[in-house]
Every structure is written in structure tokens, then in C-alpha cells.
Amino acid sequence: MKQRNTSALIGAALLMATSAIGPGFLTQTTVFTKSLGASFGFVILVSILIDIGVQLNIWRVIAVSEMRAQDIANKLLPGLGGFISLLIILGGLAFNIGNVAGAGLGLEALFGVNVMTGACISAFIAIAVFLNKQIGKAMDRFTQLMGAIMILAFIYITLISSPPLGEAVIRTVAPSKIDFVSIITLVGALSADILLLQVVTA
């Protein structure tokens with residue numbers, strides 16, 4: 001049972017990480033890299049540090065209280081947990097609409113399928129997967145495999161594109177330009193994904 005939970009948790013973490021690499025991620029990265037250049041590394045570093053601090057505190061509260069995040073919120077203010085859950089549901093719906101659209105774009109790039117048709121095919125596959133209760137273990141393994149492949153693909157793309165790594169390292173700690181809007185955007189996106197994972201796994 002413990003091994004099954006570990007496998008599910010790894011699969012959920014990889015799913016969360018790789019699902020973020022979608023149309024929104026690519027758009028934000030392109031826009032911020034164009035406007036900030038190598039200084040975008042500073043934005044990434046700051047947003048990660050902020051999220052680590054916030055999430056460690058949240059997980060500490062959840063672990064000590066042994067309660068779900070929404071139940072803790074209800075303790076603080078009656079109805080707050082339900083409101084937060086509603087926001088997460090709406091946010092998850094919006095994000096997953098984007099993911100389905102991204103899957104449609106991917107099928108178009110791979111097989112020349114119309115984007116709308118590809119999105120519908122992707123949606124039906126997702127529905128079929130989640131309706132089958134026996135597919136959980138296989139889904140965990142598949143997610144881990146696809147997540148690993150995606151991460152390796154991004155490492156490969158990074159290497160062959162020959163980015164100015166030296167300048168990026170320097171500007172990550174000594175930026176020539178600081179954009180607080182981009183920091184808030186990345187922090188919000190990371191926090192939304194991690195909060196969704198907390199609610200699902202709590």
C-alpha cells in the first residue's frame with residue numbers, strides 16, 4: 001500500500017510539473033524572456049524561493065493538524081474552505097481547458113489533425129481514462145514515463161539551442177532589470193499548481 005501511495009505521489013508530482021509545460025508556460029516564457037533577457041533567471045529564482053517558503057509553511061500546518069487544507073480553512077473562517085475549493089475547481093477547469101487545447105495543437109503538429117478534432121479526441125481519451133477505476137496504477141507509470149521523457153526533451157532542446165548560460169547564471173543573482181509583475185505571475189502559477197496537488201493528495 002505504501003509503495004502504491006509513493007508511486008501515485010510521484011505520478012501526481014510529475015503530472016503537475018509537466019502539465020505546467022503547456023501553451024501558457026511557453027507563452028509566458030517567450031514574453032518574459034524577450035522583455036527581460038537573461039534577467040528572467042532572477043524572476044525564476046525569486047518565484048521558486050517564495051513558493052518554497054510558502055509551501056513549506058502550508059505543508060507544516062497540514063502535517064501537524066492532520067487535516068485537509070479546506071478543513072483547516074473552515075476552522076479559520078466557516079465557509080472559507082468551500083470557497084477555496086470552488087476557486088480551485090474553477091482554476092482547474094480553466095487550466096485543463098488550456099491543456100486540452102494544447103493537446104489538440106500537439107496532435108495537429110504530429111499528425112496534421114484539425115485542432116478542434118484533436119482537442120475532442122484528447123478530451124474523450126481523458127474522460128475514458130478517468131472513468132476506468134482499474135487504470136490508476138498504469139496511469140501512474142505512464143505519467144512517470146511521459147514526464148521523464150518531457151524533461152529529457154527539454155534538457156536536450158536547451159543544450160542544442162546553445163543559450164548564453166554564463167550570462168544567465170550572472171543575471172540570475174545580479175539582474176540588470178527587475179519586473180515584479182513577472183514574479184507575481186510565476187508565483188501565482190506555481191502556487192495554483194501546488195495548492196491543487198495539496199487538495200488532491202491531502
# chains A, B, ... in the order shown; residues from 1 in each chain; ligands from 1
call {"tool": "residues_around", "arguments": {"residues": "Leu107 (chain A)", "least_positions_apart": "3", "cutoff": "12 Å", "atoms": "only C-alpha atoms", "output": "number ranges by chain"}}
result
A: 100-104, 110-122
call {"tool": "write_last_selection", "arguments": {"atoms": "N, CA, C and O atoms", "output": "PDB file, in the first residue's frame"}}
result
ATOM      1  N   VAL A 100      -6.268  20.744 -22.781  1.00  0.00           N
ATOM      2  CA  VAL A 100      -6.932  20.032 -23.871  1.00  0.00           C
ATOM      3  C   VAL A 100      -6.658  20.736 -25.200  1.00  0.00           C
ATOM      4  O   VAL A 100      -6.385  20.091 -26.223  1.00  0.00           O
ATOM      5  N   ALA A 101      -6.701  22.070 -25.172  1.00  0.00           N
ATOM      6  CA  ALA A 101      -6.382  22.831 -26.389  1.00  0.00           C
ATOM      7  C   ALA A 101      -4.937  22.584 -26.808  1.00  0.00           C
ATOM      8  O   ALA A 101      -4.639  22.424 -28.001  1.00  0.00           O
ATOM      9  N   GLY A 102      -4.038  22.527 -25.817  1.00  0.00           N
ATOM     10  CA  GLY A 102      -2.634  22.237 -26.114  1.00  0.00           C
ATOM     11  C   GLY A 102      -2.453  20.850 -26.705  1.00  0.00           C
ATOM     12  O   GLY A 102      -1.637  20.648 -27.614  1.00  0.00           O
ATOM     13  N   ALA A 103      -3.218  19.881 -26.191  1.00  0.00           N
ATOM     14  CA  ALA A 103      -3.154  18.528 -26.747  1.00  0.00           C
ATOM     15  C   ALA A 103      -3.639  18.522 -28.191  1.00  0.00           C
ATOM     16  O   ALA A 103      -3.082  17.813 -29.044  1.00  0.00           O
ATOM     17  N   GLY A 104      -4.668  19.335 -28.463  1.00  0.00           N
ATOM     18  CA  GLY A 104      -5.142  19.463 -29.835  1.00  0.00           C
ATOM     19  C   GLY A 104      -4.073  20.040 -30.753  1.00  0.00           C
ATOM     20  O   GLY A 104      -3.881  19.571 -31.887  1.00  0.00           O
ATOM     21  N   LEU A 110       1.806  16.793 -34.810  1.00  0.00           N
ATOM     22  CA  LEU A 110       2.313  15.437 -35.046  1.00  0.00           C
ATOM     23  C   LEU A 110       1.675  14.753 -36.245  1.00  0.00           C
ATOM     24  O   LEU A 110       2.369  14.123 -37.055  1.00  0.00           O
ATOM     25  N   PHE A 111       0.349  14.881 -36.350  1.00  0.00           N
ATOM     26  CA  PHE A 111      -0.373  14.089 -37.347  1.00  0.00           C
ATOM     27  C   PHE A 111      -1.172  14.914 -38.349  1.00  0.00           C
ATOM     28  O   PHE A 111      -1.841  14.355 -39.217  1.00  0.00           O
ATOM     29  N   GLY A 112      -1.127  16.252 -38.221  1.00  0.00           N
ATOM     30  CA  GLY A 112      -1.871  17.091 -39.155  1.00  0.00           C
ATOM     31  C   GLY A 112      -3.363  17.100 -38.911  1.00  0.00           C
ATOM     32  O   GLY A 112      -4.144  17.503 -39.776  1.00  0.00           O
ATOM     33  N   VAL A 113      -3.777  16.651 -37.710  1.00  0.00           N
ATOM     34  CA  VAL A 113      -5.206  16.627 -37.368  1.00  0.00           C
ATOM     35  C   VAL A 113      -5.677  18.054 -37.076  1.00  0.00           C
ATOM     36  O   VAL A 113      -4.939  18.863 -36.522  1.00  0.00           O
ATOM     37  N   ASN A 114      -6.913  18.364 -37.463  1.00  0.00           N
ATOM     38  CA  ASN A 114      -7.500  19.661 -37.140  1.00  0.00           C
ATOM     39  C   ASN A 114      -7.465  19.884 -35.633  1.00  0.00           C
ATOM     40  O   ASN A 114      -7.688  18.951 -34.850  1.00  0.00           O
ATOM     41  N   VAL A 115      -7.165  21.129 -35.217  1.00  0.00           N
ATOM     42  CA  VAL A 115      -7.014  21.421 -33.787  1.00  0.00           C
ATOM     43  C   VAL A 115      -8.272  21.066 -33.002  1.00  0.00           C
ATOM     44  O   VAL A 115      -8.201  20.451 -31.924  1.00  0.00           O
ATOM     45  N   MET A 116      -9.442  21.421 -33.522  1.00  0.00           N
ATOM     46  CA  MET A 116     -10.699  21.118 -32.830  1.00  0.00           C
ATOM     47  C   MET A 116     -10.908  19.612 -32.710  1.00  0.00           C
ATOM     48  O   MET A 116     -11.281  19.108 -31.637  1.00  0.00           O
ATOM     49  N   THR A 117     -10.621  18.897 -33.790  1.00  0.00           N
ATOM     50  CA  THR A 117     -10.753  17.438 -33.759  1.00  0.00           C
ATOM     51  C   THR A 117      -9.773  16.831 -32.764  1.00  0.00           C
ATOM     52  O   THR A 117     -10.114  15.942 -31.981  1.00  0.00           O
ATOM     53  N   GLY A 118      -8.526  17.318 -32.779  1.00  0.00           N
ATOM     54  CA  GLY A 118      -7.515  16.823 -31.852  1.00  0.00           C
ATOM     55  C   GLY A 118      -7.888  17.084 -30.404  1.00  0.00           C
ATOM     56  O   GLY A 118      -7.676  16.231 -29.532  1.00  0.00           O
ATOM     57  N   ALA A 119      -8.459  18.258 -30.130  1.00  0.00           N
ATOM     58  CA  ALA A 119      -8.880  18.581 -28.768  1.00  0.00           C
ATOM     59  C   ALA A 119     -10.017  17.655 -28.326  1.00  0.00           C
ATOM     60  O   ALA A 119     -10.039  17.190 -27.173  1.00  0.00           O
ATOM     61  N   CYS A 120     -10.951  17.374 -29.218  1.00  0.00           N
ATOM     62  CA  CYS A 120     -12.062  16.466 -28.886  1.00  0.00           C
ATOM     63  C   CYS A 120     -11.555  15.051 -28.617  1.00  0.00           C
ATOM     64  O   CYS A 120     -11.989  14.394 -27.659  1.00  0.00           O
ATOM     65  N   ILE A 121     -10.613  14.586 -29.451  1.00  0.00           N
ATOM     66  CA  ILE A 121     -10.031  13.252 -29.246  1.00  0.00           C
ATOM     67  C   ILE A 121      -9.338  13.188 -27.893  1.00  0.00           C
ATOM     68  O   ILE A 121      -9.512  12.230 -27.127  1.00  0.00           O
ATOM     69  N   SER A 122      -8.565  14.221 -27.585  1.00  0.00           N
ATOM     70  CA  SER A 122      -7.851  14.271 -26.303  1.00  0.00           C
ATOM     71  C   SER A 122      -8.820  14.273 -25.134  1.00  0.00           C
ATOM     72  O   SER A 122      -8.595  13.597 -24.120  1.00  0.00           O
TER      73      SER A 122
END
call {"tool": "residues_around", "arguments": {"residues": "Ile62 (chain A)", "least_positions_apart": "6", "cutoff": "8 Å", "atoms": "only C-alpha atoms", "output": "count of residues only"}}
result
3
call {"tool": "atom_distance", "arguments": {"atom1": "CA of Ile170 (chain A)", "atom2": "CA of Leu26 (chain A)"}}
result
23.2 Å
call {"tool": "atom_distance", "arguments": {"atom1": "CA of Val43 (chain A)", "atom2": "CA of Phe180 (chain A)"}}
result
8.1 Å
